[in-house]
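*Asks:* I have a structure here, written as structure tokens, and I will follow up with some questions on it.
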Amino acid sequence: MHDVTQCFVYRDTQTPSEITLHAVSEFVGDKQNFIWIDMQTPSSELLAKLGEELDLHELSLEDALTTHQRPKLEEYGDYLFISSKTAALSDAHILLDEMHLFIGANFIVIIRYRHGPDLAHARDRLSRQRNGFKADRATALYFILDEIIDHYQPVIALVQDSFRDIEGMLLRGGLEREELENLYTIKRELTMLREAVDPMQTVVLDLIRLHPEIASKELKVYFRDVYDHALRAVSTLDLLRASASDAMQFHMATLTLRQNESVQKLAGWGAILAVPTVIFSLYGMNFKTMPELDWTWAYPSVVLGTFSGGYWLYRRLKKRGWI
């Protein structure tokens, strides 16, 4: 989906009205208005038009058009630019994407891509203006950040459940190749999620510390709540990553132990087979005078002694756990 744009104007307690992107400049000058612009996978031409309507810096527009960025918060004169990473689930698959935000005096612009979360719920909360919330940039930003962080929870829960399944298999008898590949996939996903969530802590903390005009006294507690959610998500991811590393080490230790047991068994059986091998090979040598060749019970005695020695050695090795 390309060039999908929704623009809404909020004013006091009135029902928000939808406008076109070309009309934004007509409303943004009135500070009584608050403008919500939601753009999904915009083209460079559409972003250029956005820049004209809101007088946005070209470098921030370039950042908004560029994906694969680390989450960050930057200040451009009278507006802020925030780059964030989002997470979603599709058929039990994790989809990471990016979302960019422009936060001006009386507007907020959301740049979403293919897998970005639908912000209809956040816009609905803004429209209702309940619990003392007003339709302004600070409230809108809180709702959006809260939505982004909340979307990480089901993703982390899915990875957590997958890891527990593999952990159970590991404890019940080890992992096959497919399960081991799944474990490596989980570890990679955990790293990707952490790289996405961890910088969001810094973004929210910078809003709280450096931008009191947004994280005001009334809203600071809500932004701290978003920060706490991000912090808990990172803590959970760190714990899961450590557990995944421990599981891999446990798997490798189990393989090494099994290999050692196999070597011990082979060595044990080799020692047992060495007894008849040595004795019978001696009788196969061409001596002029072979001991006990003229004795009637020589052959059965040698055979009995050979197997008795082998059996005694088998019992000793069995007792020591070598076979």
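The chains in the structure tokens are called A, B, ... from first to last as shown; in each chain the residues are counted from 1, and the ligands are counted from 1 in the order shown.
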For the contact check between range 153-191 of chain A and range 135-149 of chain A, emit one row per residue of range 153-191 of chain A within 12 Å, containing the shortest atom pair and the distance in Å rounded to one decimal, counting only C-alpha atoms, chain then rising number order, as a tab-separated table.

*Replies:*
```
residue	atom	partner	partner_atom	distance
A:Gln153	CA	A:Ile149	CA	7.4
A:Pro154	CA	A:Ile149	CA	10.4
A:Val155	CA	A:Ile149	CA	10.7
A:Ile156	CA	A:Ile149	CA	11.1
```

*Asks:* Keeping only C-alpha atoms, write the selected residues to a file as a PDB file, in the first residue's frame.

*Replies:*
```
ATOM      1  CA  GLN A 153       4.341  -7.411  24.613  1.00  0.00           C
ATOM      2  CA  PRO A 154       2.564 -10.121  22.518  1.00  0.00           C
ATOM      3  CA  VAL A 155       5.689 -10.482  20.369  1.00  0.00           C
ATOM      4  CA  ILE A 156       7.889 -11.050  23.418  1.00  0.00           C
TER       5      ILE A 156
END
```

*Asks:* Which residues of range 58-158 of chain A come within 8 Å of range 201-206 of chain A, and for each one, what is the closest pair of atoms and their distance in Å to one decimal, counting only C-alpha atoms, sorted by chain and residue number, as a Markdown table?

*Replies:*
```
| residue | atom | partner | partner_atom | distance |
| --- | --- | --- | --- | --- |
| A:Pro71 | CA | A:Val203 | CA | 7.5 |
| A:Lys72 | CA | A:Val203 | CA | 6.0 |
| A:Leu73 | CA | A:Val203 | CA | 5.7 |
| A:Ile82 | CA | A:Val203 | CA | 7.9 |
```

*Asks:* Quick one: write out the picked residues with N, CA and C atoms as a compact mmCIF listing (two decimals), in the first residue's frame?

*Replies:*
```txt
# COMPACT_ATOMS: atom_id res chain seq x y z
N PRO A 71 16.40 3.86 16.60
CA PRO A 71 15.48 4.80 17.24
C PRO A 71 16.22 5.98 17.86
N LYS A 72 15.70 7.17 17.64
CA LYS A 72 16.39 8.38 18.10
C LYS A 72 15.40 9.52 18.24
N LEU A 73 15.84 10.57 18.92
CA LEU A 73 15.07 11.80 19.09
C LEU A 73 15.97 12.96 18.68
N ILE A 82 11.21 11.99 15.75
CA ILE A 82 11.46 10.74 16.48
C ILE A 82 11.42 9.58 15.49
```

*Asks:* Show which residues sit within 10 Å of Leu158 in chain A, as a ChimeraX atom specification. Count only C-alpha atoms, and ignore same-chain residues fewer than 4 positions away.

*Replies:* /A:89,92-94,153-154,162-164

*Asks:* Which is closer to Leu101 in chain A than all the others in A:Tyr152, A:Phe133, A:Trp36, A:Phe8, using only C-alpha atoms?

*Replies:*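 With only C-alpha atoms as the atom set, the closest residue is A:Trp36.
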
*Asks:* Just the strand (DSSP E or B) stuff from range 80-189 of chain A, please, per backbone DSSP, written as a PyMOL selection string.

*Replies:* chain A and resi 80-90+93-103+107-112

*Asks:* Filtering to C-alpha atoms, could you give me those residues as a PDB file, in the first residue's frame?

*Replies:*
```pdb
ATOM      1  CA  LEU A  80      10.973  17.258  17.080  1.00  0.00           C
ATOM      2  CA  PHE A  81      11.715  14.215  14.963  1.00  0.00           C
ATOM      3  CA  ILE A  82      11.459  10.737  16.480  1.00  0.00           C
ATOM      4  CA  SER A  83      12.473   7.527  14.761  1.00  0.00           C
ATOM      5  CA  SER A  84      11.201   4.320  16.352  1.00  0.00           C
ATOM      6  CA  LYS A  85      10.950   0.627  15.568  1.00  0.00           C
ATOM      7  CA  THR A  86       7.686  -1.284  15.728  1.00  0.00           C
ATOM      8  CA  ALA A  87       6.883  -4.962  16.110  1.00  0.00           C
ATOM      9  CA  ALA A  88       3.887  -6.990  14.965  1.00  0.00           C
ATOM     10  CA  LEU A  89       2.798 -10.597  14.561  1.00  0.00           C
ATOM     11  CA  SER A  90       1.600 -12.223  11.350  1.00  0.00           C
ATOM     12  CA  HIS A  93       5.989 -14.556  12.480  1.00  0.00           C
ATOM     13  CA  ILE A  94       7.640 -11.459  13.923  1.00  0.00           C
ATOM     14  CA  LEU A  95       7.582  -8.399  11.678  1.00  0.00           C
ATOM     15  CA  LEU A  96       9.815  -5.480  12.611  1.00  0.00           C
ATOM     16  CA  ASP A  97       9.347  -2.127  10.933  1.00  0.00           C
ATOM     17  CA  GLU A  98       9.874   1.571  11.553  1.00  0.00           C
ATOM     18  CA  MET A  99       7.727   4.536  12.433  1.00  0.00           C
ATOM     19  CA  HIS A 100       8.827   8.165  12.179  1.00  0.00           C
ATOM     20  CA  LEU A 101       7.164  11.076  13.954  1.00  0.00           C
ATOM     21  CA  PHE A 102       7.222  14.828  13.445  1.00  0.00           C
ATOM     22  CA  ILE A 103       6.002  16.683  16.534  1.00  0.00           C
ATOM     23  CA  PHE A 107       0.618  19.005  14.771  1.00  0.00           C
ATOM     24  CA  ILE A 108       1.931  15.477  14.736  1.00  0.00           C
ATOM     25  CA  VAL A 109       2.874  13.510  11.627  1.00  0.00           C
ATOM     26  CA  ILE A 110       3.125   9.716  11.643  1.00  0.00           C
ATOM     27  CA  ILE A 111       5.114   7.994   8.894  1.00  0.00           C
ATOM     28  CA  ARG A 112       4.305   4.273   8.862  1.00  0.00           C
TER      29      ARG A 112
END
```

*Asks:* Excluding Val221 in chain A and its own-chain neighbours fewer than 4 positions away, which residues fall within 12 Å of it when counting only C-alpha atoms? Please give them as a list in words.

*Replies:* Tyr142, Val204, Leu205, Ile208, Ala215, Ser216, Lys217, Asp225, Val226, Tyr227 and Asp228 of chain A

*Asks:* Okay, now the selection with C-alpha atoms, as a CSV table (one decimal), in the first residue's frame?

*Replies:*
```
chain,number,residue,atom,x,y,z
A,142,TYR,CA,2.0,9.7,24.6
A,204,VAL,CA,11.2,8.6,26.3
A,205,LEU,CA,13.7,9.6,29.0
A,208,ILE,CA,10.9,13.6,30.2
A,215,ALA,CA,6.3,15.9,29.1
A,216,SER,CA,4.5,18.4,31.3
A,217,LYS,CA,3.9,18.0,35.0
A,225,ASP,CA,4.7,4.6,32.6
A,226,VAL,CA,5.8,4.2,29.0
A,227,TYR,CA,9.4,4.2,30.1
A,228,ASP,CA,8.7,1.6,32.7
```

*Asks:* Of the residues A:Leu54, A:Arg70, A:Gly310, A:Lys318, which is the one nearest to Ala196 in chain A, using only C-alpha atoms?

*Replies:*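 Closest to Ala196 in chain A of all the choices is A:Arg70.
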
*Asks:* What is the distance between CA of Leu46 in chain A and CA of His211 in chain A, in Å to one decimal?

*Replies:*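 Distance between the two atoms: 29.2 Å.
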
*Asks:* Between A:Gln32, A:Thr66, A:Gln40, A:Gln160, which has the minimum distance to Asn106 in chain A (counting only C-alpha atoms)?

*Replies:*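 Under the stated criterion, the closest residue is A:Gln32.
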
*Asks:* Near Gly77 in chain A, counting only C-alpha atoms, which residues have an atom at most 10 Å away, once you skip same-chain residues fewer than 6 positions from it, shown as a ChimeraX atom specification?

*Replies:* /A:56-57,104

*Asks:* What parts of range 9-193 of chain A does DSSP call helix (DSSP H, G or I)? I'd like the answer as number ranges by chain.

*Replies:* A: 21-28, 44-54, 58-65, 120-128, 137-150, 152-173, 177-193

*Asks:* Would you mind exporting C-alpha atoms of the selected residues as a compact mmCIF listing (two decimals), in the first residue's frame?

*Replies:*
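Result file follows (selection.txt):
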```
# COMPACT_ATOMS: atom_id res chain seq x y z
CA LEU A 21 -2.86 17.23 2.88
CA HIS A 22 -2.94 20.28 0.60
CA ALA A 23 -5.18 22.08 3.09
CA VAL A 24 -2.94 21.52 6.11
CA SER A 25 -1.16 24.87 5.74
CA GLU A 26 -4.54 26.61 6.01
CA PHE A 27 -5.21 25.12 9.46
CA VAL A 28 -1.77 24.84 11.01
CA SER A 44 9.43 11.08 -1.75
CA GLU A 45 7.09 13.42 -3.65
CA LEU A 46 4.43 13.18 -0.95
CA LEU A 47 6.99 13.83 1.79
CA ALA A 48 8.23 16.83 -0.14
CA LYS A 49 4.67 18.16 -0.21
CA LEU A 50 4.41 17.53 3.53
CA GLY A 51 7.61 19.50 4.04
CA GLU A 52 6.16 22.43 2.13
CA GLU A 53 2.91 22.42 4.11
CA LEU A 54 4.63 22.27 7.51
CA GLU A 58 15.05 18.58 4.41
CA LEU A 59 17.34 16.45 6.61
CA SER A 60 14.44 15.31 8.78
CA LEU A 61 12.43 14.50 5.65
CA GLU A 62 15.37 12.48 4.37
CA ASP A 63 15.50 10.56 7.67
CA ALA A 64 11.77 9.90 7.45
CA LEU A 65 12.21 8.44 3.98
CA ALA A 120 -6.80 3.96 15.06
CA HIS A 121 -7.05 3.16 18.77
CA ALA A 122 -4.66 5.98 19.66
CA ARG A 123 -6.62 8.40 17.47
CA ASP A 124 -9.85 7.25 19.08
CA ARG A 125 -8.42 7.93 22.55
CA LEU A 126 -7.39 11.38 21.37
CA SER A 127 -10.88 12.07 20.02
CA ARG A 128 -12.61 11.12 23.26
CA ARG A 137 0.82 17.12 20.59
CA ALA A 138 1.84 15.91 24.05
CA THR A 139 -1.23 13.71 24.49
CA ALA A 140 -1.03 12.42 20.93
CA LEU A 141 2.66 11.54 21.36
CA TYR A 142 1.96 9.72 24.61
CA PHE A 143 -0.82 7.65 22.99
CA ILE A 144 1.43 6.75 20.04
CA LEU A 145 4.47 5.78 22.14
CA ASP A 146 2.23 3.80 24.46
CA GLU A 147 0.83 1.96 21.44
CA ILE A 148 4.30 1.21 20.06
CA ILE A 149 5.61 -0.21 23.34
CA ASP A 150 2.42 -2.19 24.03
CA TYR A 152 6.02 -5.45 21.83
CA GLN A 153 4.34 -7.41 24.61
CA PRO A 154 2.56 -10.12 22.52
CA VAL A 155 5.69 -10.48 20.37
CA ILE A 156 7.89 -11.05 23.42
CA ALA A 157 5.29 -13.44 24.86
CA LEU A 158 5.35 -15.50 21.65
CA VAL A 159 9.15 -15.77 21.71
CA GLN A 160 8.99 -16.66 25.39
CA ASP A 161 6.53 -19.50 24.75
CA SER A 162 8.63 -20.81 21.85
CA PHE A 163 11.73 -20.82 24.04
CA ARG A 164 9.94 -22.68 26.83
CA ASP A 165 8.89 -25.40 24.37
CA ILE A 166 12.48 -25.85 23.20
CA GLU A 167 13.76 -25.72 26.78
CA GLY A 168 11.38 -28.56 27.67
CA MET A 169 12.66 -30.64 24.73
CA LEU A 170 16.22 -29.96 25.82
CA LEU A 171 15.60 -31.19 29.34
CA ARG A 172 13.69 -34.26 28.14
CA GLY A 173 16.50 -35.61 26.01
CA ARG A 177 18.73 -30.35 14.25
CA GLU A 178 15.39 -28.62 13.63
CA GLU A 179 14.94 -27.64 17.28
CA LEU A 180 18.52 -26.38 17.44
CA GLU A 181 17.90 -24.20 14.39
CA ASN A 182 14.75 -22.86 16.07
CA LEU A 183 16.79 -22.02 19.16
CA TYR A 184 19.28 -20.03 17.07
CA THR A 185 16.34 -18.27 15.38
CA ILE A 186 14.88 -17.35 18.76
CA LYS A 187 18.20 -15.96 19.94
CA ARG A 188 18.47 -13.86 16.79
CA GLU A 189 14.91 -12.58 17.24
CA LEU A 190 15.63 -11.67 20.85
CA THR A 191 18.65 -9.65 19.78
CA MET A 192 16.64 -7.84 17.11
CA LEU A 193 13.85 -7.04 19.56
```
